[in-house]
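Here's model27.cif, which has mmCIF, C-alpha atoms:
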```cif
data_query
loop_
_atom_site.label_atom_id
_atom_site.label_comp_id
_atom_site.auth_asym_id
_atom_site.auth_seq_id
_atom_site.Cartn_x
_atom_site.Cartn_y
_atom_site.Cartn_z
CA MET N 270 -42.20 -91.52 -70.55
CA THR N 271 -41.67 -92.05 -74.26
CA MET N 272 -45.12 -90.80 -75.28
CA VAL N 273 -43.59 -87.44 -76.13
CA ALA N 274 -41.66 -89.05 -78.98
CA GLU N 275 -44.77 -90.69 -80.37
CA LEU N 276 -47.19 -87.75 -80.40
CA PRO N 277 -45.99 -85.08 -82.84
CA ALA N 278 -46.08 -81.46 -81.78
CA VAL N 279 -46.44 -80.26 -85.33
CA LYS N 280 -47.91 -82.26 -88.16
CA PRO N 281 -44.88 -82.95 -90.41
CA GLN N 282 -45.28 -81.31 -93.78
CA ARG N 283 -44.25 -83.29 -96.81
CA SER N 284 -40.87 -81.93 -97.89
CA ARG N 285 -40.41 -80.75 -101.43
CA ARG N 286 -37.85 -82.96 -103.15
CA THR N 287 -36.07 -80.28 -105.17
CA ILE N 288 -32.40 -81.20 -104.62
CA GLY N 289 -30.66 -83.33 -107.25
CA PHE N 290 -27.41 -85.29 -107.09
CA LEU N 291 -25.12 -82.40 -108.09
CA THR N 292 -26.54 -80.03 -105.48
CA ALA N 293 -26.41 -82.75 -102.80
CA CYS N 294 -22.80 -83.50 -103.73
CA GLY N 295 -22.02 -79.77 -103.70
CA ILE N 296 -23.51 -79.45 -100.23
CA VAL N 297 -21.26 -82.26 -98.99
CA VAL N 298 -18.16 -80.65 -100.53
CA ALA N 299 -19.12 -77.17 -99.30
CA ASN N 300 -19.73 -78.46 -95.78
CA ILE N 301 -16.38 -80.22 -95.64
CA ILE N 302 -14.11 -77.68 -97.35
CA GLY N 303 -14.42 -74.77 -95.00
CA THR N 304 -12.44 -73.48 -92.07
CA GLY N 305 -10.43 -76.57 -91.18
CA VAL N 306 -8.16 -77.08 -94.16
CA PHE N 307 -7.10 -73.42 -94.15
CA THR N 308 -6.53 -73.18 -90.40
CA SER N 309 -5.74 -76.52 -88.73
CA LEU N 310 -2.22 -77.15 -90.12
CA GLY N 311 -0.83 -74.44 -87.86
CA PHE N 312 -2.12 -76.29 -84.77
CA GLN N 313 -0.88 -79.68 -86.06
CA LEU N 314 2.68 -78.37 -86.49
CA ALA N 315 2.87 -77.70 -82.74
CA ASP N 316 3.28 -81.45 -82.07
CA ILE N 317 4.22 -82.98 -85.44
CA GLN N 318 7.01 -81.91 -87.78
CA SER N 319 7.38 -84.99 -90.02
CA GLY N 320 6.10 -84.44 -93.55
CA PHE N 321 5.03 -88.08 -93.82
CA ALA N 322 3.13 -88.00 -90.51
CA LEU N 323 1.43 -84.72 -91.44
CA VAL N 324 0.20 -86.10 -94.75
CA MET N 325 -0.86 -89.34 -93.03
CA LEU N 326 -3.06 -87.23 -90.74
CA TRP N 327 -5.13 -86.18 -93.75
CA ILE N 328 -5.15 -89.68 -95.25
CA VAL N 329 -6.23 -91.37 -91.98
CA GLY N 330 -8.86 -88.68 -91.42
CA GLY N 331 -10.07 -89.14 -94.99
CA ILE N 332 -10.34 -92.92 -94.55
CA ALA N 333 -12.42 -92.39 -91.39
CA ALA N 334 -14.65 -89.87 -93.16
CA LEU N 335 -15.09 -92.21 -96.14
CA CYS N 336 -16.01 -95.15 -93.89
CA GLY N 337 -18.49 -92.93 -92.08
CA ALA N 338 -19.97 -91.69 -95.35
CA LEU N 339 -20.51 -95.27 -96.57
CA CYS N 340 -22.32 -96.15 -93.33
CA TYR N 341 -24.48 -93.03 -93.38
CA GLY N 342 -25.32 -93.84 -96.98
CA GLU N 343 -26.82 -97.20 -95.98
CA LEU N 344 -28.77 -95.64 -93.11
CA SER N 345 -30.06 -92.77 -95.27
CA ALA N 346 -31.30 -95.19 -97.93
CA ALA N 347 -32.94 -97.49 -95.37
CA LEU N 348 -34.38 -94.72 -93.16
CA PRO N 349 -35.06 -91.83 -95.59
CA ARG N 350 -35.98 -88.73 -93.61
CA SER N 351 -34.22 -85.44 -92.86
CA GLY N 352 -32.61 -85.14 -89.45
CA GLY N 353 -29.28 -86.99 -89.58
CA GLU N 354 -28.22 -88.54 -86.27
CA TYR N 355 -31.42 -87.37 -84.58
CA HIS N 356 -33.51 -89.52 -86.92
CA PHE N 357 -31.09 -92.46 -87.10
CA LEU N 358 -30.45 -92.88 -83.36
CA SER N 359 -34.17 -92.54 -82.57
CA LYS N 360 -34.97 -95.42 -84.92
CA ILE N 361 -31.96 -97.61 -84.13
CA TYR N 362 -31.69 -97.33 -80.34
CA HIS N 363 -34.21 -95.18 -78.47
CA PRO N 364 -35.84 -91.76 -78.97
CA ALA N 365 -33.83 -90.45 -76.00
CA LEU N 366 -30.54 -91.01 -77.83
CA GLY N 367 -31.98 -89.44 -80.95
CA PHE N 368 -33.11 -86.43 -78.96
CA MET N 369 -29.62 -86.19 -77.43
CA ALA N 370 -28.00 -86.11 -80.88
CA GLY N 371 -30.58 -83.64 -82.12
CA PHE N 372 -30.00 -81.44 -79.10
CA VAL N 373 -26.27 -81.44 -79.84
CA SER N 374 -26.92 -80.57 -83.50
CA ALA N 375 -29.46 -77.90 -82.61
CA THR N 376 -27.26 -76.23 -80.00
CA VAL N 377 -23.63 -76.56 -81.11
CA GLY N 378 -23.35 -79.20 -83.86
CA PHE N 379 -23.90 -76.70 -86.65
CA ALA N 380 -23.75 -73.41 -84.78
CA ALA N 381 -20.17 -73.97 -83.60
CA PRO N 382 -18.73 -74.75 -87.06
CA ILE N 383 -20.56 -71.70 -88.41
CA ALA N 384 -19.02 -69.59 -85.64
CA LEU N 385 -15.56 -71.03 -86.36
CA ALA N 386 -15.91 -70.34 -90.08
CA ALA N 387 -17.06 -66.80 -89.27
CA MET N 388 -14.06 -66.23 -86.95
CA ALA N 389 -11.73 -67.37 -89.72
CA PHE N 390 -13.58 -65.22 -92.26
CA GLY N 391 -13.05 -62.12 -90.12
CA LYS N 392 -9.32 -62.85 -89.82
CA TYR N 393 -8.86 -63.58 -93.52
CA PHE N 394 -10.94 -60.64 -94.69
CA GLN N 395 -8.92 -58.21 -92.60
CA GLY N 396 -5.68 -59.84 -93.78
CA VAL N 397 -6.69 -59.51 -97.43
CA PHE N 398 -8.30 -56.08 -97.51
CA GLY N 399 -6.58 -54.44 -94.53
CA PHE N 400 -9.66 -52.94 -92.91
CA GLY N 401 -12.58 -53.86 -90.69
CA SER N 402 -12.80 -55.51 -87.29
CA PRO N 403 -12.53 -59.36 -87.45
CA VAL N 404 -15.17 -59.59 -84.72
CA LEU N 405 -17.69 -57.32 -86.49
CA LEU N 406 -17.00 -59.04 -89.81
CA SER N 407 -17.72 -62.41 -88.17
CA PHE N 408 -21.10 -61.20 -86.95
CA ALA N 409 -21.91 -59.59 -90.30
CA VAL N 410 -21.29 -62.70 -92.40
CA VAL N 411 -23.50 -64.98 -90.26
CA TRP N 412 -26.34 -62.44 -90.21
CA ILE N 413 -26.20 -61.99 -93.98
CA GLY N 414 -26.11 -65.76 -94.46
CA ALA N 415 -29.13 -66.28 -92.21
CA VAL N 416 -31.17 -63.58 -93.96
CA PHE N 417 -30.21 -65.07 -97.33
CA HIS N 418 -31.52 -68.53 -96.35
CA LEU N 419 -34.81 -67.17 -95.10
CA GLY N 420 -35.66 -66.40 -98.73
CA ASN N 421 -36.34 -68.56 -101.78
CA LEU N 422 -34.93 -72.12 -101.81
CA GLY N 423 -34.16 -71.89 -105.52
CA VAL N 424 -31.89 -68.88 -104.98
CA SER N 425 -30.16 -70.64 -102.07
CA ARG N 426 -29.58 -73.72 -104.22
CA ALA N 427 -28.12 -71.71 -107.12
CA PHE N 428 -25.80 -69.75 -104.82
CA GLN N 429 -24.62 -72.96 -103.14
CA ASN N 430 -23.78 -74.66 -106.43
CA LEU N 431 -22.00 -71.61 -107.90
CA SER N 432 -19.94 -70.81 -104.79
CA THR N 433 -18.89 -74.45 -104.37
CA LEU N 434 -17.83 -74.73 -108.02
CA LEU N 435 -15.80 -71.50 -107.84
CA LYS N 436 -14.17 -72.65 -104.61
CA LEU N 437 -13.08 -75.97 -106.12
CA LEU N 438 -11.76 -74.34 -109.30
CA LEU N 439 -9.71 -71.77 -107.40
CA ILE N 440 -8.33 -74.38 -104.98
CA ALA N 441 -7.33 -76.46 -108.01
CA VAL N 442 -5.41 -73.45 -109.36
CA LEU N 443 -3.71 -72.97 -105.98
CA ILE N 444 -2.60 -76.61 -105.93
CA ALA N 445 -1.42 -76.60 -109.56
CA VAL N 446 0.62 -73.40 -109.18
CA GLY N 447 2.02 -74.55 -105.83
CA PHE N 448 3.67 -77.58 -107.41
CA PHE N 449 5.57 -75.32 -109.83
CA VAL N 450 6.95 -72.88 -107.26
CA GLU N 451 10.78 -73.04 -107.41
CA SER N 452 11.63 -72.17 -103.80
CA LYS N 453 10.39 -75.35 -102.11
CA GLN N 454 10.99 -76.13 -98.43
CA PRO N 455 13.33 -78.98 -97.39
CA ILE N 456 10.61 -81.45 -96.40
CA SER N 457 10.21 -85.14 -97.24
CA PHE N 458 6.93 -87.02 -97.49
CA LEU N 459 8.63 -90.42 -97.40
CA PRO N 460 8.39 -92.46 -94.16
CA ALA N 461 11.33 -92.38 -91.74
CA SER N 462 12.18 -94.74 -88.88
CA GLU N 463 10.77 -92.43 -86.21
CA ASP N 464 7.47 -91.87 -88.03
CA THR N 465 5.90 -95.08 -86.69
CA MET N 466 6.10 -93.83 -83.11
CA SER N 467 4.85 -90.41 -84.20
CA ILE N 468 1.76 -91.81 -85.92
CA PHE N 469 0.71 -93.90 -82.90
CA SER N 470 1.36 -91.11 -80.39
CA GLY N 471 -1.14 -89.11 -78.40
CA GLY N 472 -0.06 -85.97 -80.24
CA PHE N 473 -1.06 -87.56 -83.56
CA ALA N 474 -4.47 -88.56 -82.14
CA VAL N 475 -5.15 -85.04 -80.84
CA ALA N 476 -3.95 -83.50 -84.13
CA LEU N 477 -6.34 -85.90 -85.88
CA VAL N 478 -9.16 -84.17 -83.99
CA PHE N 479 -8.43 -80.99 -85.98
CA VAL N 480 -8.30 -83.05 -89.17
CA MET N 481 -11.68 -84.63 -88.43
CA TYR N 482 -13.03 -81.17 -87.77
CA SER N 483 -11.75 -80.27 -91.24
CA TYR N 484 -13.58 -83.32 -92.63
CA SER N 485 -16.78 -82.66 -90.69
CA GLY N 486 -19.59 -82.38 -93.20
CA TRP N 487 -19.02 -85.74 -94.87
CA ASN N 488 -22.48 -86.68 -93.58
CA ALA N 489 -24.14 -83.43 -94.74
CA ALA N 490 -26.57 -84.87 -97.29
CA SER N 491 -28.11 -87.18 -94.66
CA TYR N 492 -29.53 -84.15 -92.82
CA ILE N 493 -31.70 -83.11 -95.79
CA THR N 494 -32.68 -86.56 -97.10
CA GLY N 495 -36.33 -85.50 -97.20
CA GLU N 496 -35.55 -82.76 -99.75
CA ILE N 497 -33.36 -84.86 -102.09
CA LYS N 498 -34.73 -86.52 -105.22
CA LYS N 499 -34.40 -90.33 -105.22
CA PRO N 500 -32.68 -90.30 -101.79
CA GLU N 501 -31.99 -94.05 -101.82
CA ILE N 502 -29.63 -93.43 -104.77
CA ASN N 503 -28.52 -89.82 -104.56
CA VAL N 504 -27.73 -89.59 -100.85
CA PRO N 505 -25.19 -92.47 -100.79
CA ARG N 506 -23.68 -91.33 -104.10
CA SER N 507 -23.34 -87.72 -102.97
CA LEU N 508 -21.75 -88.74 -99.65
CA LEU N 509 -19.26 -91.05 -101.38
CA ILE N 510 -18.28 -88.83 -104.33
CA GLY N 511 -18.18 -85.65 -102.27
CA THR N 512 -15.92 -87.23 -99.63
CA LEU N 513 -13.53 -88.69 -102.24
CA VAL N 514 -13.19 -85.30 -103.95
CA VAL N 515 -12.33 -83.67 -100.63
CA ILE N 516 -9.76 -86.34 -99.59
CA ALA N 517 -7.78 -85.77 -102.79
CA THR N 518 -8.08 -81.98 -102.40
CA TYR N 519 -6.94 -81.99 -98.77
CA VAL N 520 -3.89 -84.20 -99.27
CA LEU N 521 -2.68 -82.17 -102.26
CA LEU N 522 -3.42 -78.78 -100.67
CA ASN N 523 -1.59 -79.54 -97.44
CA GLY N 524 1.30 -80.98 -99.42
CA VAL N 525 1.54 -77.66 -101.27
CA PHE N 526 1.42 -75.68 -98.00
CA LEU N 527 4.26 -77.74 -96.52
CA MET N 528 6.42 -77.60 -99.66
CA THR N 529 6.15 -73.86 -100.19
CA THR N 530 5.95 -72.30 -96.71
CA PRO N 531 8.40 -72.44 -93.76
CA GLU N 532 6.92 -74.41 -90.85
CA GLU N 533 7.90 -71.77 -88.30
CA GLU N 534 5.71 -69.20 -90.07
CA MET N 535 2.64 -71.47 -89.96
CA ARG N 536 3.09 -73.00 -86.51
CA GLY N 537 0.31 -71.86 -84.17
CA GLN N 538 -1.20 -69.52 -86.78
CA LEU N 539 -4.88 -69.48 -87.77
CA GLU N 540 -4.60 -67.98 -91.27
CA VAL N 541 -2.31 -70.69 -92.73
CA GLY N 542 -3.85 -70.41 -96.20
CA LEU N 543 -3.08 -66.70 -96.43
CA ILE N 544 0.52 -67.20 -95.26
CA ALA N 545 1.08 -70.01 -97.77
CA GLY N 546 -0.60 -68.01 -100.54
CA LYS N 547 1.94 -65.19 -100.15
CA HIS N 548 4.79 -67.67 -100.59
CA ILE N 549 3.18 -69.18 -103.69
CA PHE N 550 1.99 -66.05 -105.49
CA GLY N 551 3.81 -63.22 -103.72
CA SER N 552 2.24 -60.63 -101.42
CA GLU N 553 -0.34 -59.43 -103.95
CA GLY N 554 -1.12 -62.94 -105.15
CA GLY N 555 -1.55 -63.96 -101.54
CA ARG N 556 -4.38 -61.48 -101.29
CA VAL N 557 -6.12 -63.29 -104.13
CA VAL N 558 -5.73 -66.59 -102.27
CA GLY N 559 -7.13 -64.97 -99.14
CA ALA N 560 -10.11 -63.70 -101.13
CA VAL N 561 -10.70 -67.23 -102.46
CA ILE N 562 -10.62 -68.57 -98.92
CA CYS N 563 -13.11 -65.92 -97.86
CA LEU N 564 -15.43 -67.11 -100.64
CA GLY N 565 -14.97 -70.70 -99.50
CA LEU N 566 -15.82 -69.78 -95.93
CA ILE N 567 -18.97 -67.96 -97.07
CA SER N 568 -19.97 -71.11 -98.99
CA SER N 569 -19.46 -73.25 -95.88
CA ILE N 570 -21.39 -70.85 -93.65
CA SER N 571 -24.18 -70.85 -96.23
CA SER N 572 -24.44 -74.64 -96.45
CA MET N 573 -24.44 -75.13 -92.66
CA THR N 574 -27.00 -72.34 -92.25
CA TRP N 575 -29.14 -74.26 -94.73
CA ILE N 576 -28.75 -77.74 -93.18
CA GLY N 577 -28.64 -77.14 -89.41
CA PRO N 578 -32.20 -75.81 -88.98
CA ARG N 579 -33.57 -78.90 -90.78
CA VAL N 580 -32.45 -81.05 -87.84
CA THR N 581 -34.10 -78.69 -85.36
CA MET N 582 -37.23 -78.66 -87.55
CA SER N 583 -37.45 -82.48 -87.44
CA MET N 584 -37.22 -82.36 -83.65
CA GLY N 585 -39.94 -79.73 -83.52
CA GLU N 586 -42.21 -81.95 -85.62
CA ASP N 587 -41.76 -84.81 -83.14
CA HIS N 588 -41.62 -83.13 -79.72
CA TRP N 589 -44.21 -80.80 -78.22
CA LEU N 590 -41.57 -78.89 -76.25
CA LEU N 591 -39.92 -77.73 -79.50
CA ARG N 592 -43.08 -77.44 -81.60
CA VAL N 593 -42.42 -73.79 -82.45
CA LEU N 594 -39.20 -74.85 -84.20
CA GLY N 595 -41.01 -77.32 -86.45
CA ARG N 596 -43.02 -74.65 -88.23
CA LYS N 597 -42.18 -73.48 -91.75
CA ASN N 598 -42.85 -70.21 -93.50
CA SER N 599 -44.66 -69.86 -96.82
CA GLN N 600 -41.46 -70.79 -98.68
CA GLY N 601 -41.16 -74.09 -96.79
CA ILE N 602 -38.21 -72.78 -94.72
CA PRO N 603 -38.00 -73.47 -90.94
CA SER N 604 -37.58 -69.79 -90.09
CA ASN N 605 -37.82 -70.20 -86.30
CA ALA N 606 -35.10 -72.87 -86.37
CA VAL N 607 -32.90 -70.57 -88.49
CA ALA N 608 -33.37 -67.77 -85.94
CA LEU N 609 -32.45 -70.07 -83.01
CA GLN N 610 -29.29 -71.24 -84.74
CA LEU N 611 -28.34 -67.63 -85.49
CA LEU N 612 -28.72 -66.75 -81.80
CA ILE N 613 -26.45 -69.61 -80.68
CA VAL N 614 -23.86 -68.71 -83.34
CA ASN N 615 -23.75 -65.15 -82.00
CA LEU N 616 -23.20 -66.40 -78.43
CA LEU N 617 -20.33 -68.66 -79.57
CA LEU N 618 -18.74 -65.79 -81.49
CA LEU N 619 -18.49 -63.89 -78.23
CA THR N 620 -16.10 -66.57 -76.82
CA ARG N 621 -13.52 -65.72 -79.55
CA SER N 622 -11.60 -68.97 -78.79
CA PHE N 623 -11.07 -70.98 -81.98
CA GLU N 624 -9.04 -73.91 -80.58
CA GLY N 625 -11.19 -74.35 -77.48
CA VAL N 626 -14.43 -74.44 -79.47
CA VAL N 627 -13.01 -77.09 -81.84
CA GLN N 628 -12.00 -79.38 -78.96
CA TYR N 629 -15.35 -78.82 -77.24
CA ILE N 630 -17.56 -79.69 -80.20
CA GLN N 631 -15.46 -82.52 -81.62
CA PHE N 632 -15.88 -84.79 -78.58
CA THR N 633 -19.68 -84.53 -78.75
CA LEU N 634 -19.80 -84.88 -82.55
CA LEU N 635 -17.46 -87.88 -82.47
CA LEU N 636 -19.70 -89.57 -79.91
CA CYS N 637 -22.86 -89.04 -81.96
CA SER N 638 -21.27 -90.18 -85.22
CA LEU N 639 -19.75 -93.23 -83.48
CA LEU N 640 -23.16 -94.36 -82.21
CA THR N 641 -24.68 -93.76 -85.65
CA VAL N 642 -22.05 -95.73 -87.57
CA LEU N 643 -22.27 -98.63 -85.11
CA GLY N 644 -26.02 -98.48 -85.77
CA VAL N 645 -25.34 -100.07 -89.18
CA ILE N 646 -24.17 -103.21 -87.39
CA VAL N 647 -27.03 -103.03 -84.88
CA LEU N 648 -29.66 -102.83 -87.63
CA ARG N 649 -28.05 -105.65 -89.61
CA VAL N 650 -28.45 -107.87 -86.50
CA THR N 651 -31.83 -106.68 -85.17
CA ARG N 652 -33.62 -105.98 -88.45
CA PRO N 653 -32.08 -108.15 -91.18
CA GLU N 654 -35.35 -108.04 -93.18
CA MET N 655 -35.22 -104.23 -93.61
CA ALA N 656 -35.08 -103.02 -97.20
CA ARG N 657 -31.62 -101.63 -97.91
CA PRO N 658 -31.43 -100.00 -101.37
CA TYR N 659 -27.76 -99.35 -100.66
CA ARG N 660 -25.43 -101.56 -98.60
CA VAL N 661 -22.03 -100.64 -97.17
CA TRP N 662 -19.19 -102.00 -99.28
CA ALA N 663 -16.82 -104.51 -97.62
CA TYR N 664 -19.11 -104.75 -94.56
CA PRO N 665 -18.30 -104.88 -91.62
CA LEU N 666 -14.86 -103.31 -92.22
CA PRO N 667 -15.98 -99.65 -92.70
CA PRO N 668 -18.00 -99.33 -89.45
CA LEU N 669 -15.34 -101.18 -87.43
CA LEU N 670 -12.50 -99.08 -88.88
CA PHE N 671 -14.42 -95.85 -88.25
CA ALA N 672 -15.16 -96.94 -84.68
CA ALA N 673 -11.51 -97.81 -83.97
CA ILE N 674 -10.20 -94.43 -85.22
CA THR N 675 -12.95 -92.51 -83.41
CA VAL N 676 -12.46 -94.25 -80.04
CA TRP N 677 -8.70 -93.68 -80.33
CA MET N 678 -9.25 -89.95 -80.85
CA MET N 679 -11.81 -89.68 -78.07
CA PHE N 680 -9.49 -91.40 -75.58
CA TYR N 681 -6.60 -89.00 -76.16
CA LEU N 682 -8.90 -86.00 -76.42
CA LEU N 683 -10.47 -86.83 -73.06
CA ARG N 684 -7.04 -87.39 -71.51
CA GLY N 685 -5.29 -84.37 -72.99
CA HIS N 686 -8.14 -81.85 -73.04
CA SER N 687 -10.36 -83.03 -70.21
CA LEU N 688 -12.13 -79.73 -69.54
CA GLU N 689 -13.33 -79.19 -73.10
CA SER N 690 -14.23 -82.88 -73.55
CA LEU N 691 -16.20 -83.04 -70.31
CA ALA N 692 -18.04 -79.85 -71.27
CA GLY N 693 -19.04 -81.59 -74.50
CA LEU N 694 -20.14 -84.67 -72.57
CA VAL N 695 -22.26 -82.49 -70.27
CA THR N 696 -23.96 -81.06 -73.37
CA THR N 697 -24.99 -84.55 -74.49
CA LEU N 698 -26.27 -85.45 -71.02
CA LEU N 699 -28.33 -82.26 -70.96
CA GLY N 700 -30.04 -83.47 -74.12
CA VAL N 701 -30.98 -86.78 -72.46
CA LEU N 702 -32.23 -85.04 -69.30
CA LEU N 703 -34.28 -82.60 -71.35
CA TYR N 704 -35.91 -85.49 -73.22
CA PHE N 705 -37.02 -87.29 -70.06
CA GLY N 706 -37.92 -84.00 -68.36
CA ALA N 707 -40.16 -83.12 -71.28
CA GLY N 708 -41.67 -86.61 -71.10
CA LYS N 709 -42.60 -86.20 -67.43
CA ARG N 710 -44.11 -82.77 -68.02
CA PHE N 711 -46.13 -84.09 -70.92
CA ALA N 712 -47.43 -87.00 -68.84
CA SER N 713 -48.45 -84.64 -66.01
CA THR N 714 -50.57 -82.51 -68.37
CA LYS N 715 -52.65 -85.44 -69.59
#
```

Output the file's structure as structure tokens, nothing else.
Amino acid sequence: MTMVAELPAVKPQRSRRTIGFLTACGIVVANIIGTGVFTSLGFQLADIQSGFALVMLWIVGGIAALCGALCYGELSAALPRSGGEYHFLSKIYHPALGFMAGFVSATVGFAAPIALAAMAFGKYFQGVFGFGSPVLLSFAVVWIGAVFHLGNLGVSRAFQNLSTLLKLLLIAVLIAVGFFVESKQPISFLPASEDTMSIFSGGFAVALVFVMYSYSGWNAASYITGEIKKPEINVPRSLLIGTLVVIATYVLLNGVFLMTTPEEEMRGQLEVGLIAGKHIFGSEGGRVVGAVICLGLISSISSMTWIGPRVTMSMGEDHWLLRVLGRKNSQGIPSNAVALQLLIVNLLLLTRSFEGVVQYIQFTLLLCSLLTVLGVIVLRVTRPEMARPYRVWAYPLPPLLFAAITVWMMFYLLRGHSLESLAGLVTTLLGVLLYFGAGKRFASTK
């Protein structure tokens, strides 16, 4: 049954290690800072109004992301190959679990965040420039991004670094100016007596799902380990530094949003960044903020368009059923995998449901990342002799803390949004069934 995982469908080509620490770190930052931080606050305000609790959402989410990044750093250094959870779970547990995680990544893991970023881009672009259909703009940006990444890797790398740097600089300006705006809202970030109950409530756990979506990407460098120079050093460093930069950015940025913009204007709204920008800079200045956000969304779409197909490519190299996806063009780019991801993104764009897609993908992604992080403990027990160029700090606290936060979110997500969560669970089960189905078919052809 497991022969299919042992006989490669495509002979793996040696990846070109062309990505240095700064680019890897930029990919992490670009993957994280995307749609979420400019859109999720409006959904959080539906259940939480306390300034302290709202800021704690971003701190708790940041702690979880940091713990996860530390764990992925150890796994990436010990098991250096592109593929992320697909590679890790295959080596730690069983190829079936790895295939399940890879199936999730190949189908919705990257395609859904790209679709969400494209939906937000369409909304923001129309809000800034006052023309164009948000739907058509969403399709246009993902097509342009895909075509761009079918070209030269050097051009892709340069664009990624430049767009990420510009995004960080402009967000820094937004934060700095926001703290000097005179007309601040009456909100306190100090803890109150009722905040304890708020933080341990189901509403906080579900709101944390949107925060973790905003932090998704903290594991980005692990998906392209095979293309990073000195991966045993640069992958853990890029995951750690990139995540720390984003935690500080998120806490400060959301603090500025809450201080400068009335809650009732943001509650339930998608384009929170644009609304807050108008309060900070005025109507015309708000357009500038919206343009910055558009640039940031393009950067995120670009980085996920780059990384996602590498997971599918790794699966194609290992499994005969997906062998066509493991092939690269003359530039070393998995063009078939890029095309598949583009197709799935287009299908998700047709749903036009931002909140539903977030809740659907987060349950599956939380499950895969939970199994991967716990894999650090599993490998420490089952393979203590394994070379580990990097070890998780304060072990076993980071994997246990990540697991506790993740299980808490999954419980409330399953209870409060059963339909979307079960749909995500069905997606993971389909991956397992496909693995064993492919195994049987392979055995019958021998």

Close residues, Thr512 in chain N itself excluded, 12 Å, only C-alpha atoms, min 4 positions apart in chain, as JSON, numbers by chain: {"N": [293, 294, 295, 296, 297, 298, 299, 300, 301, 302, 328, 330, 331, 332, 333, 334, 335, 336, 337, 338, 339, 342, 483, 484, 485, 486, 487, 488, 489, 490, 505, 506, 507, 508, 516, 517, 518, 519]}

Å distance separating CA of Tyr629 in chain N from CA of Thr376 in chain N, one decimal place: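 Value for the CA of Tyr629 in chain N-CA of Thr376 in chain N distance: 12.5 Å.
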
Among the residues N:Ala375, N:Met481, N:Ile544, N:Leu419, the one that comes closest to Ser583 in chain N [using all atoms listed in the file]: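 Among the listed residues, N:Ala375 lies closest to Ser583 in chain N.
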
Residues matched by the PyMOL selection byres ((chain N and resi 464) around 10), written as a list in words: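 The output of the PyMOL selection byres ((chain N and resi 464) around 10) on this file is Ile317, Gln318, Ser319, Gly320, Phe321, Ala322, Leu323, Leu459, Pro460, Ala461, Ser462, Glu463, Thr465, Met466, Ser467, Ile468, Phe469 and Ser470 of chain N.
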
Nearby residues (all atoms listed in the file) at most 12 Å from range 454-458 of chain N, same-chain spacing under 4 positions excluded, as JSON, numbers by chain: {"N": [318, 319, 320, 321, 322, 323, 324, 325, 447, 448, 450, 464, 520, 521, 523, 524, 525, 526, 527, 528, 529, 530, 531, 532, 533, 545, 548, 549]}

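Between CA of Gly542 in chain N and CA of Ala474 in chain N there is a distance of 23.0 Å.
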
Result set, the PyMOL selection byres ((chain N and resi 411) around 12) on current file, as a PyMOL selection string: chain N and resi 380-388+390-391+404-410+412-418+566-575+607-608+610-618

Those same residues - C-alpha atoms - I'd like them written as a compact mmCIF listing (two decimals), in the coordinates of the input.
```
# COMPACT_ATOMS: atom_id res chain seq x y z
CA ALA N 380 -23.75 -73.41 -84.78
CA ALA N 381 -20.17 -73.97 -83.60
CA PRO N 382 -18.73 -74.75 -87.06
CA ILE N 383 -20.56 -71.70 -88.41
CA ALA N 384 -19.02 -69.59 -85.64
CA LEU N 385 -15.56 -71.03 -86.36
CA ALA N 386 -15.91 -70.34 -90.08
CA ALA N 387 -17.06 -66.80 -89.27
CA MET N 388 -14.06 -66.23 -86.95
CA PHE N 390 -13.58 -65.22 -92.26
CA GLY N 391 -13.05 -62.12 -90.12
CA VAL N 404 -15.17 -59.59 -84.72
CA LEU N 405 -17.69 -57.32 -86.49
CA LEU N 406 -17.00 -59.04 -89.81
CA SER N 407 -17.72 -62.41 -88.17
CA PHE N 408 -21.10 -61.20 -86.95
CA ALA N 409 -21.91 -59.59 -90.30
CA VAL N 410 -21.29 -62.70 -92.40
CA TRP N 412 -26.34 -62.44 -90.21
CA ILE N 413 -26.20 -61.99 -93.98
CA GLY N 414 -26.11 -65.76 -94.46
CA ALA N 415 -29.13 -66.28 -92.21
CA VAL N 416 -31.17 -63.58 -93.96
CA PHE N 417 -30.21 -65.07 -97.33
CA HIS N 418 -31.52 -68.53 -96.35
CA LEU N 566 -15.82 -69.78 -95.93
CA ILE N 567 -18.97 -67.96 -97.07
CA SER N 568 -19.97 -71.11 -98.99
CA SER N 569 -19.46 -73.25 -95.88
CA ILE N 570 -21.39 -70.85 -93.65
CA SER N 571 -24.18 -70.85 -96.23
CA SER N 572 -24.44 -74.64 -96.45
CA MET N 573 -24.44 -75.13 -92.66
CA THR N 574 -27.00 -72.34 -92.25
CA TRP N 575 -29.14 -74.26 -94.73
CA VAL N 607 -32.90 -70.57 -88.49
CA ALA N 608 -33.37 -67.77 -85.94
CA GLN N 610 -29.29 -71.24 -84.74
CA LEU N 611 -28.34 -67.63 -85.49
CA LEU N 612 -28.72 -66.75 -81.80
CA ILE N 613 -26.45 -69.61 -80.68
CA VAL N 614 -23.86 -68.71 -83.34
CA ASN N 615 -23.75 -65.15 -82.00
CA LEU N 616 -23.20 -66.40 -78.43
CA LEU N 617 -20.33 -68.66 -79.57
CA LEU N 618 -18.74 -65.79 -81.49
```
